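Student: File follows, protein.pdb with PDB, C-alpha atoms:
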```pdb
ATOM      1  CA  MET D   1     129.926 104.171 111.082
ATOM      2  CA  LYS D   2     128.431 102.945 107.811
ATOM      3  CA  GLY D   3     125.361 104.664 106.433
ATOM      4  CA  ILE D   4     122.141 102.800 105.677
ATOM      5  CA  TYR D   5     122.800 102.512 101.946
ATOM      6  CA  GLU D   6     126.279 101.134 102.560
ATOM      7  CA  LYS D   7     124.667  98.588 104.895
ATOM      8  CA  ILE D   8     122.185  97.646 102.180
ATOM      9  CA  VAL D   9     125.010  97.003  99.693
ATOM     10  CA  GLU D  10     126.910  94.976 102.297
ATOM     11  CA  TYR D  11     123.931  92.799 103.248
ATOM     12  CA  LYS D  12     122.819  92.289  99.653
ATOM     13  CA  ALA D  13     126.280  90.910  98.882
ATOM     14  CA  LYS D  14     125.818  88.481 101.783
ATOM     15  CA  ASN D  15     122.292  87.561 100.639
ATOM     16  CA  ILE D  16     120.748  88.813 103.897
ATOM     17  CA  ASP D  17     117.060  89.775 103.751
ATOM     18  CA  MET D  18     116.039  93.160 105.131
ATOM     19  CA  VAL D  19     113.351  95.824 105.128
ATOM     20  CA  LEU D  20     113.983  99.534 104.587
ATOM     21  CA  VAL D  21     111.396 101.575 106.533
ATOM     22  CA  THR D  22     110.794 105.156 105.378
ATOM     23  CA  ALA D  23     108.554 107.816 106.916
ATOM     24  CA  VAL D  24     106.641 109.116 103.881
ATOM     25  CA  GLU D  25     103.901 111.250 105.468
ATOM     26  CA  LYS D  26     103.222 113.026 108.772
ATOM     27  CA  THR D  27     100.423 115.113 110.244
ATOM     28  CA  GLY D  28     100.360 116.872 113.625
ATOM     29  CA  GLU D  29     102.892 116.293 116.382
ATOM     30  CA  GLY D  30     105.267 113.394 116.770
ATOM     31  CA  PRO D  31     108.948 112.420 116.884
ATOM     32  CA  VAL D  32     109.092 111.598 113.168
ATOM     33  CA  GLU D  33     110.568 113.559 110.281
ATOM     34  CA  ILE D  34     109.487 112.784 106.714
ATOM     35  CA  GLY D  35     112.269 110.946 104.905
ATOM     36  CA  LYS D  36     113.738 109.329 108.036
ATOM     37  CA  LYS D  37     114.800 105.740 107.395
ATOM     38  CA  MET D  38     115.492 102.587 109.367
ATOM     39  CA  LEU D  39     116.950  99.325 108.079
ATOM     40  CA  VAL D  40     115.723  96.146 109.804
ATOM     41  CA  LEU D  41     117.098  92.597 109.552
ATOM     42  CA  GLU D  42     115.239  89.348 110.191
ATOM     43  CA  THR D  43     116.863  89.125 113.626
ATOM     44  CA  GLY D  44     115.358  92.494 114.605
ATOM     45  CA  GLU D  45     118.708  94.260 114.455
ATOM     46  CA  SER D  46     118.144  97.776 113.112
ATOM     47  CA  PHE D  47     120.082 100.774 111.836
ATOM     48  CA  GLY D  48     118.787 104.329 111.635
ATOM     49  CA  THR D  49     115.529 105.559 113.152
ATOM     50  CA  VAL D  50     111.952 106.524 112.321
ATOM     51  CA  GLY D  51     111.316 108.259 115.625
ATOM     52  CA  GLY D  52     111.919 105.851 118.481
ATOM     53  CA  GLY D  53     109.472 104.704 121.133
ATOM     54  CA  ALA D  54     106.422 102.554 120.468
ATOM     55  CA  LEU D  55     106.393 103.489 116.771
ATOM     56  CA  GLU D  56     109.890 102.211 116.188
ATOM     57  CA  PHE D  57     109.305  99.029 118.224
ATOM     58  CA  PHE D  58     106.174  98.331 116.196
ATOM     59  CA  ALA D  59     108.001  99.074 112.923
ATOM     60  CA  ILE D  60     110.747  96.594 113.780
ATOM     61  CA  GLU D  61     108.254  93.825 114.597
ATOM     62  CA  LYS D  62     106.277  94.586 111.425
ATOM     63  CA  SER D  63     109.499  94.478 109.378
ATOM     64  CA  LYS D  64     110.368  91.026 110.731
ATOM     65  CA  GLU D  65     106.901  89.817 109.709
ATOM     66  CA  LEU D  66     107.279  91.281 106.208
ATOM     67  CA  ILE D  67     110.687  89.631 105.771
ATOM     68  CA  ARG D  68     109.028  86.282 106.482
ATOM     69  CA  LYS D  69     106.275  87.106 103.978
ATOM     70  CA  ARG D  70     108.732  88.717 101.531
ATOM     71  CA  VAL D  71     106.399  91.627 100.673
ATOM     72  CA  HIS D  72     106.216  95.452 100.772
ATOM     73  CA  LEU D  73     103.683  97.452 102.801
ATOM     74  CA  THR D  74     102.504 101.018 103.352
ATOM     75  CA  GLU D  75     100.764 101.581 106.697
ATOM     76  CA  LYS D  76      99.458 104.606 108.622
ATOM     77  CA  TYR D  77      99.681 105.006 112.413
ATOM     78  CA  LEU D  78      97.902 107.228 114.921
ATOM     79  CA  LEU D  79     100.279 108.259 117.717
ATOM     80  CA  ASP D  80      97.592 108.634 120.387
ATOM     81  CA  LYS D  81      96.291 105.704 122.440
ATOM     82  CA  GLY D  82      93.181 107.678 123.417
ATOM     83  CA  LYS D  83      91.862 108.242 119.889
ATOM     84  CA  VAL D  84      90.722 106.275 116.862
ATOM     85  CA  VAL D  85      91.239 107.072 113.180
ATOM     86  CA  VAL D  86      89.481 104.812 110.715
ATOM     87  CA  ASP D  87      92.376 104.364 108.275
ATOM     88  CA  ALA D  88      95.186 104.172 110.859
ATOM     89  CA  LYS D  89      96.492 101.719 113.446
ATOM     90  CA  THR D  90      96.557 103.231 116.936
ATOM     91  CA  LEU D  91      99.837 102.979 118.835
ATOM     92  CA  PRO D  92     100.359 103.496 122.605
ATOM     93  CA  MET D  93     101.733 107.029 122.317
ATOM     94  CA  VAL D  94     100.468 110.487 123.303
ATOM     95  CA  CYS D  95     101.887 112.680 120.509
ATOM     96  CA  GLY D  96      98.526 113.008 118.800
ATOM     97  CA  GLY D  97      99.702 113.074 115.184
ATOM     98  CA  THR D  98      99.794 110.453 112.441
ATOM     99  CA  VAL D  99     102.670 109.005 110.463
ATOM    100  CA  THR D 100     102.737 106.789 107.379
ATOM    101  CA  LEU D 101     105.583 104.323 106.931
ATOM    102  CA  PHE D 102     106.606 102.564 103.733
ATOM    103  CA  TYR D 103     108.191  99.146 104.306
ATOM    104  CA  GLU D 104     110.343  98.085 101.366
ATOM    105  CA  PHE D 105     111.383  94.435 101.365
ATOM    106  CA  LEU D 106     114.923  94.074 100.037
ATOM    107  CA  GLY D 107     115.757  90.525  99.105
ATOM    108  CA  VAL D 108     115.215  87.817  96.537
ATOM    109  CA  ARG D 109     111.715  86.630  95.681
ATOM    110  CA  ASN D 110     112.416  83.346  97.463
ATOM    111  CA  PHE D 111     114.931  80.526  97.774
ATOM    112  CA  ILE D 112     114.897  77.465  95.535
ATOM    113  CA  TYR D 113     116.961  74.360  96.219
ATOM    114  CA  ILE D 114     117.613  72.080  93.249
ATOM    115  CA  PHE D 115     118.850  68.645  94.281
ATOM    116  CA  GLY D 116     120.458  67.282  91.122
ATOM    117  CA  ALA D 117     122.505  69.310  88.625
ATOM    118  CA  GLY D 118     121.627  67.226  85.576
ATOM    119  CA  HIS D 119     119.815  68.280  82.409
ATOM    120  CA  VAL D 120     116.491  69.160  84.063
ATOM    121  CA  GLY D 121     118.142  70.988  86.963
ATOM    122  CA  GLN D 122     120.280  73.006  84.548
ATOM    123  CA  ALA D 123     117.319  73.889  82.318
ATOM    124  CA  LEU D 124     115.237  74.866  85.365
ATOM    125  CA  ALA D 125     117.930  77.205  86.694
ATOM    126  CA  LYS D 126     118.050  79.008  83.344
ATOM    127  CA  VAL D 127     114.278  79.578  83.486
ATOM    128  CA  LEU D 128     114.225  80.695  87.129
ATOM    129  CA  LYS D 129     117.309  82.897  87.207
ATOM    130  CA  PRO D 130     115.700  86.015  85.602
ATOM    131  CA  LEU D 131     112.754  85.752  88.046
ATOM    132  CA  ASN D 132     114.772  86.890  91.100
ATOM    133  CA  PHE D 133     114.817  83.551  92.876
ATOM    134  CA  TYR D 134     117.995  82.621  94.754
ATOM    135  CA  ILE D 135     119.039  79.226  93.384
ATOM    136  CA  THR D 136     121.096  76.735  95.374
ATOM    137  CA  VAL D 137     122.000  73.584  93.465
ATOM    138  CA  ILE D 138     123.396  70.514  95.209
ATOM    139  CA  ASP D 139     125.048  67.515  93.556
ATOM    140  CA  GLU D 140     127.603  64.954  94.691
ATOM    141  CA  ARG D 141     129.041  64.578  91.177
ATOM    142  CA  LYS D 142     131.926  67.062  90.985
ATOM    143  CA  GLU D 143     132.172  67.180  87.203
ATOM    144  CA  VAL D 144     128.435  67.857  86.940
ATOM    145  CA  ILE D 145     128.294  70.594  89.591
ATOM    146  CA  ASP D 146     131.434  72.245  88.182
ATOM    147  CA  SER D 147     129.810  72.598  84.764
ATOM    148  CA  PHE D 148     126.482  73.899  86.131
ATOM    149  CA  GLN D 149     125.487  77.407  85.037
ATOM    150  CA  GLU D 150     123.110  80.045  86.453
ATOM    151  CA  GLY D 151     123.053  78.812  90.057
ATOM    152  CA  ASP D 152     123.690  81.452  92.721
ATOM    153  CA  LEU D 153     125.267  78.851  94.990
ATOM    154  CA  LYS D 154     126.689  75.556  93.702
ATOM    155  CA  ILE D 155     127.361  72.938  96.361
ATOM    156  CA  HIS D 156     129.415  69.792  95.820
ATOM    157  CA  HIS D 157     127.946  67.626  98.566
ATOM    158  CA  HIS D 158     126.010  64.424  99.145
ATOM    159  CA  PHE D 159     122.285  65.125  98.789
ATOM    160  CA  ALA D 160     120.519  64.262 102.070
ATOM    161  CA  PRO D 161     123.590  64.981 104.231
ATOM    162  CA  TYR D 162     123.548  68.539 102.869
ATOM    163  CA  ILE D 163     120.102  69.037 104.440
ATOM    164  CA  GLU D 164     121.260  67.563 107.716
ATOM    165  CA  GLU D 165     124.300  69.853 107.814
ATOM    166  CA  PHE D 166     122.904  73.111 106.427
ATOM    167  CA  GLY D 167     119.102  72.788 106.488
ATOM    168  CA  ILE D 168     116.797  74.663 104.137
ATOM    169  CA  LYS D 169     114.968  77.939 104.642
ATOM    170  CA  GLU D 170     111.401  77.844 105.905
ATOM    171  CA  GLY D 171     108.902  78.673 103.166
ATOM    172  CA  SER D 172     111.387  77.882 100.393
ATOM    173  CA  TYR D 173     110.930  75.696  97.290
ATOM    174  CA  VAL D 174     112.642  72.341  96.821
ATOM    175  CA  VAL D 175     113.015  70.518  93.505
ATOM    176  CA  VAL D 176     114.247  66.932  93.696
ATOM    177  CA  CYS D 177     115.743  65.569  90.468
ATOM    178  CA  THR D 178     118.799  63.558  91.530
ATOM    179  CA  PRO D 179     120.252  60.781  89.342
ATOM    180  CA  SER D 180     118.769  58.063  91.581
ATOM    181  CA  HIS D 181     115.320  57.221  92.971
ATOM    182  CA  THR D 182     117.042  56.269  96.218
ATOM    183  CA  TYR D 183     118.682  59.685  96.522
ATOM    184  CA  ASP D 184     115.347  61.369  95.772
ATOM    185  CA  TYR D 185     113.677  59.435  98.575
ATOM    186  CA  HIS D 186     116.496  60.243 100.986
ATOM    187  CA  VAL D 187     116.214  63.982 100.275
ATOM    188  CA  ILE D 188     112.451  64.136 100.833
ATOM    189  CA  ASN D 189     112.515  61.831 103.835
ATOM    190  CA  LYS D 190     115.265  63.905 105.456
ATOM    191  CA  ILE D 191     113.015  66.973 105.161
ATOM    192  CA  LEU D 192     110.171  65.016 106.763
ATOM    193  CA  GLU D 193     112.421  63.552 109.446
ATOM    194  CA  LEU D 194     113.770  66.978 110.472
ATOM    195  CA  LYS D 195     110.266  68.500 110.306
ATOM    196  CA  LEU D 196     111.482  71.266 107.994
ATOM    197  CA  LYS D 197     108.868  73.512 106.429
ATOM    198  CA  PRO D 198     109.459  74.358 102.784
ATOM    199  CA  ARG D 199     106.414  75.680 100.966
ATOM    200  CA  TYR D 200     106.944  73.290  98.084
ATOM    201  CA  ILE D 201     108.650  69.948  97.497
ATOM    202  CA  GLY D 202     108.497  68.660  93.926
ATOM    203  CA  MET D 203     109.838  65.298  92.825
ATOM    204  CA  LEU D 204     110.568  64.415  89.213
ATOM    205  CA  CYS D 205     109.127  60.947  88.718
ATOM    206  CA  SER D 206     106.831  58.543  86.915
ATOM    207  CA  PRO D 207     103.533  57.319  88.426
ATOM    208  CA  GLU D 208     105.224  53.987  89.178
ATOM    209  CA  LYS D 209     108.046  55.694  91.029
ATOM    210  CA  LEU D 210     105.532  57.793  92.958
ATOM    211  CA  LYS D 211     103.608  54.709  94.036
ATOM    212  CA  ASP D 212     106.814  53.089  95.263
ATOM    213  CA  TYR D 213     107.831  56.247  97.129
ATOM    214  CA  LEU D 214     104.455  56.661  98.845
ATOM    215  CA  GLU D 215     104.384  53.049  99.919
ATOM    216  CA  LYS D 216     107.819  53.340 101.530
ATOM    217  CA  THR D 217     107.055  56.746 103.049
ATOM    218  CA  TYR D 218     103.795  55.675 104.713
ATOM    219  CA  GLU D 219     105.578  52.584 105.987
ATOM    220  CA  LYS D 220     108.401  54.722 107.444
ATOM    221  CA  PHE D 221     106.458  57.733 108.803
ATOM    222  CA  GLY D 222     102.921  56.374 109.237
ATOM    223  CA  LYS D 223      99.732  57.026 107.289
ATOM    224  CA  ASN D 224      99.244  60.478 108.833
ATOM    225  CA  VAL D 225     102.494  61.928 107.512
ATOM    226  CA  ASN D 226     101.924  65.448 106.183
ATOM    227  CA  LEU D 227     102.520  65.575 102.424
ATOM    228  CA  SER D 228     100.403  68.671 101.813
ATOM    229  CA  ASN D 229     103.344  70.519 100.228
ATOM    230  CA  PHE D 230     104.503  67.531  98.136
ATOM    231  CA  TYR D 231     103.979  67.724  94.364
ATOM    232  CA  SER D 232     104.635  64.652  92.299
ATOM    233  CA  PRO D 233     104.752  64.102  89.395
ATOM    234  CA  ILE D 234     106.191  67.589  89.383
ATOM    235  CA  GLY D 235     104.995  70.487  87.224
ATOM    236  CA  LEU D 236     101.894  71.789  85.484
ATOM    237  CA  ASP D 237     100.433  69.637  82.722
ATOM    238  CA  LEU D 238     101.827  71.562  79.739
ATOM    239  CA  GLY D 239     102.967  68.642  77.608
ATOM    240  CA  GLY D 240     106.448  67.984  76.235
ATOM    241  CA  GLY D 241     109.221  65.800  77.555
ATOM    242  CA  SER D 242     112.492  67.619  76.861
ATOM    243  CA  PRO D 243     114.480  69.062  79.792
ATOM    244  CA  GLU D 244     113.445  72.535  78.635
ATOM    245  CA  ASP D 245     109.750  71.574  78.454
ATOM    246  CA  ILE D 246     109.926  70.027  81.913
ATOM    247  CA  ALA D 247     111.755  73.071  83.312
ATOM    248  CA  ILE D 248     109.038  75.440  82.086
ATOM    249  CA  SER D 249     106.402  73.132  83.561
ATOM    250  CA  ILE D 250     108.136  73.123  86.965
ATOM    251  CA  ALA D 251     108.772  76.871  86.946
ATOM    252  CA  SER D 252     105.113  77.469  86.059
ATOM    253  CA  GLU D 253     103.987  75.332  88.984
ATOM    254  CA  ILE D 254     106.324  77.152  91.379
ATOM    255  CA  LEU D 255     105.018  80.538  90.196
ATOM    256  CA  ALA D 256     101.393  79.388  90.511
ATOM    257  CA  ILE D 257     102.028  78.364  94.121
ATOM    258  CA  TYR D 258     104.052  81.499  94.839
ATOM    259  CA  HIS D 259     101.166  83.682  93.654
ATOM    260  CA  ASP D 260      98.495  81.488  95.346
ATOM    261  CA  LYS D 261      96.792  80.820  92.020
ATOM    262  CA  LYS D 262      94.075  78.177  91.950
ATOM    263  CA  GLY D 263      92.540  76.048  89.224
ATOM    264  CA  HIS D 264      95.721  75.129  87.356
ATOM    265  CA  LYS D 265      96.121  71.581  86.121
ATOM    266  CA  HIS D 266      98.982  70.130  88.144
ATOM    267  CA  MET D 267     100.364  66.741  87.180
ATOM    268  CA  ARG D 268     100.431  66.094  90.918
ATOM    269  CA  GLU D 269      98.950  62.778  91.989
ATOM    270  CA  ALA D 270     100.220  62.712  95.574
ATOM    271  CA  ASN D 271      97.563  63.750  98.115
ATOM    272  CA  HIS D 272      94.823  62.799  95.672
ATOM    273  CA  GLU D 273      94.121  59.308  94.320
ATOM    274  CA  HIS D 274      97.398  57.816  95.580
ATOM    275  CA  TYR D 275      97.140  59.505  98.971
ATOM    276  CA  ILE D 276      93.589  58.269  99.535
ATOM    277  CA  TYR D 277      94.503  54.801  98.351
ATOM    278  CA  TRP D 278      97.495  54.376 100.624
ATOM    279  CA  LYS D 279      95.903  56.042 103.630
ATOM    280  CA  ASN D 280      93.036  53.564 103.534
ATOM    281  CA  GLN D 281      95.190  50.474 103.271
TER     282      GLN D 281
END
```
Translate the structure described by the file into structure tokens.

Tutor:
Amino acid sequence: MKGIYEKIVEYKAKNIDMVLVTAVEKTGEGPVEIGKKMLVLETGESFGTVGGGALEFFAIEKSKELIRKRVHLTEKYLLDKGKVVVDAKTLPMVCGGTVTLFYEFLGVRNFIYIFGAGHVGQALAKVLKPLNFYITVIDERKEVIDSFQEGDLKIHHHFAPYIEEFGIKEGSYVVVCTPSHTYDYHVINKILELKLKPRYIGMLCSPEKLKDYLEKTYEKFGKNVNLSNFYSPIGLDLGGGSPEDIAISIASEILAIYHDKKGHKHMREANHEHYIYWKNQ
């Protein structure tokens, strides 16, 4: 049977997210030994142990939550349902001691899908690659996708049909910069149609293109369609029009959203003046 660290290497190679749970502190009685480890996958499948019982069940559920959030955590537990300790969560056990677990998220920062492997898509991948994002780039032009660099996964496929066949991860980031306005619209509308839930959808466009897109989208999906995660024109207002300038602008916007930063000057017009205008028509 493979050990935990061999499992970690195996799952990293397959790009599977996981949490490594380690018992780092213990006081009093309890079925836990300091240094014990358990590896947990998003499905709840686990390897190893941190003591069994209610503690281990809770640790598995907490690990699944942290995989969704993509964060680490250190948390202390009281193993006695009849007592209360201010700095510890009480679990339904009768051992009487406390244990502290460190949850280490093992995975990429998040997943980014770039629809369009042209100049902007290529420049964006070069900016994002060192930041521990997993980059999937999709393009139907074989010669373009074959020459693309820095992507973790390069897919030669039609744009919107890729989403229909493979989907996208919940909470991920989507950048739409295909060679055609029509393809751009199809990509975003397919996400809306399938009710997928990326954290961010950014479309490379001019104000005129945005107006055209919003008009067609409200006509297709109704005026109450949820565009709260739609950013267009894409990027922070940094200035510059080269593919490299635009890539830095987009990457900056993605990082601002990833870190929940407020007050940055987005070029985004959707959900503001244009949204209000079209909703009231």

Student: Return the single residue from D:Ile112, D:Leu55, D:Val50, D:Leu66 that is closest to Leu91 in chain D, with distances computed using all atoms listed in the file.

Tutor: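 The answer is D:Leu55, which sits nearest to Leu91 in chain D.
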
Student: Kindly resolve the PyMOL selection byres ((chain D and resi 223-238) around 8) on the present coordinates and return the residues as a ChimeraX atom specification.

Tutor: /D:198-207,210,218-219,221-222,239-240,246,249-254,264-271,278-279

Student: Keeping only C-alpha atoms, take the residues you just selected and write them out as a PDB file, in the frame of the given file.

Tutor:
```pdb
ATOM      1  CA  PRO D 198     109.459  74.358 102.784  1.00  0.00           C
ATOM      2  CA  ARG D 199     106.414  75.680 100.966  1.00  0.00           C
ATOM      3  CA  TYR D 200     106.944  73.290  98.084  1.00  0.00           C
ATOM      4  CA  ILE D 201     108.650  69.948  97.497  1.00  0.00           C
ATOM      5  CA  GLY D 202     108.497  68.660  93.926  1.00  0.00           C
ATOM      6  CA  MET D 203     109.838  65.298  92.825  1.00  0.00           C
ATOM      7  CA  LEU D 204     110.568  64.415  89.213  1.00  0.00           C
ATOM      8  CA  CYS D 205     109.127  60.947  88.718  1.00  0.00           C
ATOM      9  CA  SER D 206     106.831  58.543  86.915  1.00  0.00           C
ATOM     10  CA  PRO D 207     103.533  57.319  88.426  1.00  0.00           C
ATOM     11  CA  LEU D 210     105.532  57.793  92.958  1.00  0.00           C
ATOM     12  CA  TYR D 218     103.795  55.675 104.713  1.00  0.00           C
ATOM     13  CA  GLU D 219     105.578  52.584 105.987  1.00  0.00           C
ATOM     14  CA  PHE D 221     106.458  57.733 108.803  1.00  0.00           C
ATOM     15  CA  GLY D 222     102.921  56.374 109.237  1.00  0.00           C
ATOM     16  CA  GLY D 239     102.967  68.642  77.608  1.00  0.00           C
ATOM     17  CA  GLY D 240     106.448  67.984  76.235  1.00  0.00           C
ATOM     18  CA  ILE D 246     109.926  70.027  81.913  1.00  0.00           C
ATOM     19  CA  SER D 249     106.402  73.132  83.561  1.00  0.00           C
ATOM     20  CA  ILE D 250     108.136  73.123  86.965  1.00  0.00           C
ATOM     21  CA  ALA D 251     108.772  76.871  86.946  1.00  0.00           C
ATOM     22  CA  SER D 252     105.113  77.469  86.059  1.00  0.00           C
ATOM     23  CA  GLU D 253     103.987  75.332  88.984  1.00  0.00           C
ATOM     24  CA  ILE D 254     106.324  77.152  91.379  1.00  0.00           C
ATOM     25  CA  HIS D 264      95.721  75.129  87.356  1.00  0.00           C
ATOM     26  CA  LYS D 265      96.121  71.581  86.121  1.00  0.00           C
ATOM     27  CA  HIS D 266      98.982  70.130  88.144  1.00  0.00           C
ATOM     28  CA  MET D 267     100.364  66.741  87.180  1.00  0.00           C
ATOM     29  CA  ARG D 268     100.431  66.094  90.918  1.00  0.00           C
ATOM     30  CA  GLU D 269      98.950  62.778  91.989  1.00  0.00           C
ATOM     31  CA  ALA D 270     100.220  62.712  95.574  1.00  0.00           C
ATOM     32  CA  ASN D 271      97.563  63.750  98.115  1.00  0.00           C
ATOM     33  CA  TRP D 278      97.495  54.376 100.624  1.00  0.00           C
ATOM     34  CA  LYS D 279      95.903  56.042 103.630  1.00  0.00           C
TER      35      LYS D 279
END
```

Student: Nearest to Ile168 in chain D among D:Ile248, D:Val144, D:Leu196, D:Val71, with distances taken over all atoms listed in the file: which residue is it?

Tutor: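 Among the listed residues, the smallest separation from Ile168 in chain D belongs to D:Leu196.
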
Student: Applied to this file, what does the PyMOL selection byres ((chain D and resi 8-17) around 12) return in terms of residues, put as a PDB file with C-alpha atoms, in the coordinates of the input?

Tutor:
```
ATOM      1  CA  LYS D   2     128.431 102.945 107.811  1.00  0.00           C
ATOM      2  CA  GLY D   3     125.361 104.664 106.433  1.00  0.00           C
ATOM      3  CA  ILE D   4     122.141 102.800 105.677  1.00  0.00           C
ATOM      4  CA  TYR D   5     122.800 102.512 101.946  1.00  0.00           C
ATOM      5  CA  GLU D   6     126.279 101.134 102.560  1.00  0.00           C
ATOM      6  CA  LYS D   7     124.667  98.588 104.895  1.00  0.00           C
ATOM      7  CA  MET D  18     116.039  93.160 105.131  1.00  0.00           C
ATOM      8  CA  VAL D  19     113.351  95.824 105.128  1.00  0.00           C
ATOM      9  CA  LEU D  20     113.983  99.534 104.587  1.00  0.00           C
ATOM     10  CA  MET D  38     115.492 102.587 109.367  1.00  0.00           C
ATOM     11  CA  LEU D  39     116.950  99.325 108.079  1.00  0.00           C
ATOM     12  CA  VAL D  40     115.723  96.146 109.804  1.00  0.00           C
ATOM     13  CA  LEU D  41     117.098  92.597 109.552  1.00  0.00           C
ATOM     14  CA  GLU D  42     115.239  89.348 110.191  1.00  0.00           C
ATOM     15  CA  THR D  43     116.863  89.125 113.626  1.00  0.00           C
ATOM     16  CA  GLY D  44     115.358  92.494 114.605  1.00  0.00           C
ATOM     17  CA  GLU D  45     118.708  94.260 114.455  1.00  0.00           C
ATOM     18  CA  SER D  46     118.144  97.776 113.112  1.00  0.00           C
ATOM     19  CA  PHE D  47     120.082 100.774 111.836  1.00  0.00           C
ATOM     20  CA  SER D  63     109.499  94.478 109.378  1.00  0.00           C
ATOM     21  CA  LYS D  64     110.368  91.026 110.731  1.00  0.00           C
ATOM     22  CA  GLU D  65     106.901  89.817 109.709  1.00  0.00           C
ATOM     23  CA  LEU D  66     107.279  91.281 106.208  1.00  0.00           C
ATOM     24  CA  ILE D  67     110.687  89.631 105.771  1.00  0.00           C
ATOM     25  CA  ARG D  68     109.028  86.282 106.482  1.00  0.00           C
ATOM     26  CA  LYS D  69     106.275  87.106 103.978  1.00  0.00           C
ATOM     27  CA  ARG D  70     108.732  88.717 101.531  1.00  0.00           C
ATOM     28  CA  VAL D  71     106.399  91.627 100.673  1.00  0.00           C
ATOM     29  CA  GLU D 104     110.343  98.085 101.366  1.00  0.00           C
ATOM     30  CA  PHE D 105     111.383  94.435 101.365  1.00  0.00           C
ATOM     31  CA  LEU D 106     114.923  94.074 100.037  1.00  0.00           C
ATOM     32  CA  GLY D 107     115.757  90.525  99.105  1.00  0.00           C
ATOM     33  CA  VAL D 108     115.215  87.817  96.537  1.00  0.00           C
ATOM     34  CA  ARG D 109     111.715  86.630  95.681  1.00  0.00           C
ATOM     35  CA  ASN D 110     112.416  83.346  97.463  1.00  0.00           C
ATOM     36  CA  PHE D 111     114.931  80.526  97.774  1.00  0.00           C
ATOM     37  CA  PHE D 133     114.817  83.551  92.876  1.00  0.00           C
ATOM     38  CA  TYR D 134     117.995  82.621  94.754  1.00  0.00           C
ATOM     39  CA  ILE D 135     119.039  79.226  93.384  1.00  0.00           C
ATOM     40  CA  ASP D 152     123.690  81.452  92.721  1.00  0.00           C
ATOM     41  CA  LEU D 153     125.267  78.851  94.990  1.00  0.00           C
TER      42      LEU D 153
END
```

Student: Identify all residues satisfying the PyMOL selection byres ((chain D and resi 35) around 7) in the given file; provide them as a ChimeraX atom specification.

Tutor: /D:22-24,33-34,36-37

Student: Got time to write the residues from that selection, C-alpha atoms, as a short mmCIF file (atom, residue, chain, number, x, y, z; two decimals), in the frame of the given file?

Tutor:
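As written to disk, again.cif reads:
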```
data_model
loop_
_atom_site.label_atom_id
_atom_site.label_comp_id
_atom_site.auth_asym_id
_atom_site.auth_seq_id
_atom_site.Cartn_x
_atom_site.Cartn_y
_atom_site.Cartn_z
CA THR D 22 110.79 105.16 105.38
CA ALA D 23 108.55 107.82 106.92
CA VAL D 24 106.64 109.12 103.88
CA GLU D 33 110.57 113.56 110.28
CA ILE D 34 109.49 112.78 106.71
CA LYS D 36 113.74 109.33 108.04
CA LYS D 37 114.80 105.74 107.40
#
```

Student: State, in Å with one decimal place, the distance from CA of Ala117 in chain D to CA of Ile145 in chain D.

Tutor: 6.0 Å

Student: Please give the centre and size of the box around range 89-105 of chain D (axis-aligned, containing every atom listed in the file, 3 Å added per side), with values in Å to one decimal and written as AutoDock Vina command-line options.

Tutor:
```
--center_x 103.9 --center_y 103.8 --center_z 112.3 --size_x 20.9 --size_y 24.6 --size_z 27.9
```

Student: So the first atom is CA of Arg141 in chain D and the second is CA of Tyr183 in chain D; what is the distance between them in Å, to one decimal place?

Tutor: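 Between CA of Arg141 in chain D and CA of Tyr183 in chain D the gap is 12.6 Å.
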
Student: Using all atoms listed in the file, which of D:Gly171, D:Gly53, D:Gly48, D:Pro243 sits nearest Gly121 in chain D?

Tutor: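 Among D:Gly171, D:Gly53, D:Gly48, D:Pro243, it is D:Pro243 that comes nearest to Gly121 in chain D.
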
Student: How far is it from CA of Leu101 in chain D to CA of Lys261 in chain D, in Å with one decimal?

Tutor: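 Separation between CA of Leu101 in chain D and CA of Lys261 in chain D: 29.2 Å.
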
Student: I need the residue nearest Gly241 in chain D from this list: D:Lys81, D:Lys216, D:Lys26, D:His119. Use only C-alpha atoms for the distance.

Tutor: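 Closest residue, counting only C-alpha atoms: D:His119.
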
Student: Quick one: everything within 10 Å of range 154-162 of chain D, counting only C-alpha atoms, minus sequence neighbours fewer than 3 positions away in the same chain. Send it as a ChimeraX atom specification.

Tutor: /D:114-117,135-151,165-168,176,178,183-191

Student: For the residues in that selection, give me C-alpha atoms as a compact mmCIF listing (two decimals), keeping the file's coordinate frame.

Tutor:
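Saved file part.txt follows:
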```txt
# COMPACT_ATOMS: atom_id res chain seq x y z
CA ILE D 114 117.61 72.08 93.25
CA PHE D 115 118.85 68.64 94.28
CA GLY D 116 120.46 67.28 91.12
CA ALA D 117 122.50 69.31 88.62
CA ILE D 135 119.04 79.23 93.38
CA THR D 136 121.10 76.74 95.37
CA VAL D 137 122.00 73.58 93.46
CA ILE D 138 123.40 70.51 95.21
CA ASP D 139 125.05 67.52 93.56
CA GLU D 140 127.60 64.95 94.69
CA ARG D 141 129.04 64.58 91.18
CA LYS D 142 131.93 67.06 90.98
CA GLU D 143 132.17 67.18 87.20
CA VAL D 144 128.44 67.86 86.94
CA ILE D 145 128.29 70.59 89.59
CA ASP D 146 131.43 72.24 88.18
CA SER D 147 129.81 72.60 84.76
CA PHE D 148 126.48 73.90 86.13
CA GLN D 149 125.49 77.41 85.04
CA GLU D 150 123.11 80.04 86.45
CA GLY D 151 123.05 78.81 90.06
CA GLU D 165 124.30 69.85 107.81
CA PHE D 166 122.90 73.11 106.43
CA GLY D 167 119.10 72.79 106.49
CA ILE D 168 116.80 74.66 104.14
CA VAL D 176 114.25 66.93 93.70
CA THR D 178 118.80 63.56 91.53
CA TYR D 183 118.68 59.68 96.52
CA ASP D 184 115.35 61.37 95.77
CA TYR D 185 113.68 59.44 98.58
CA HIS D 186 116.50 60.24 100.99
CA VAL D 187 116.21 63.98 100.28
CA ILE D 188 112.45 64.14 100.83
CA ASN D 189 112.52 61.83 103.84
CA LYS D 190 115.26 63.90 105.46
CA ILE D 191 113.02 66.97 105.16
```
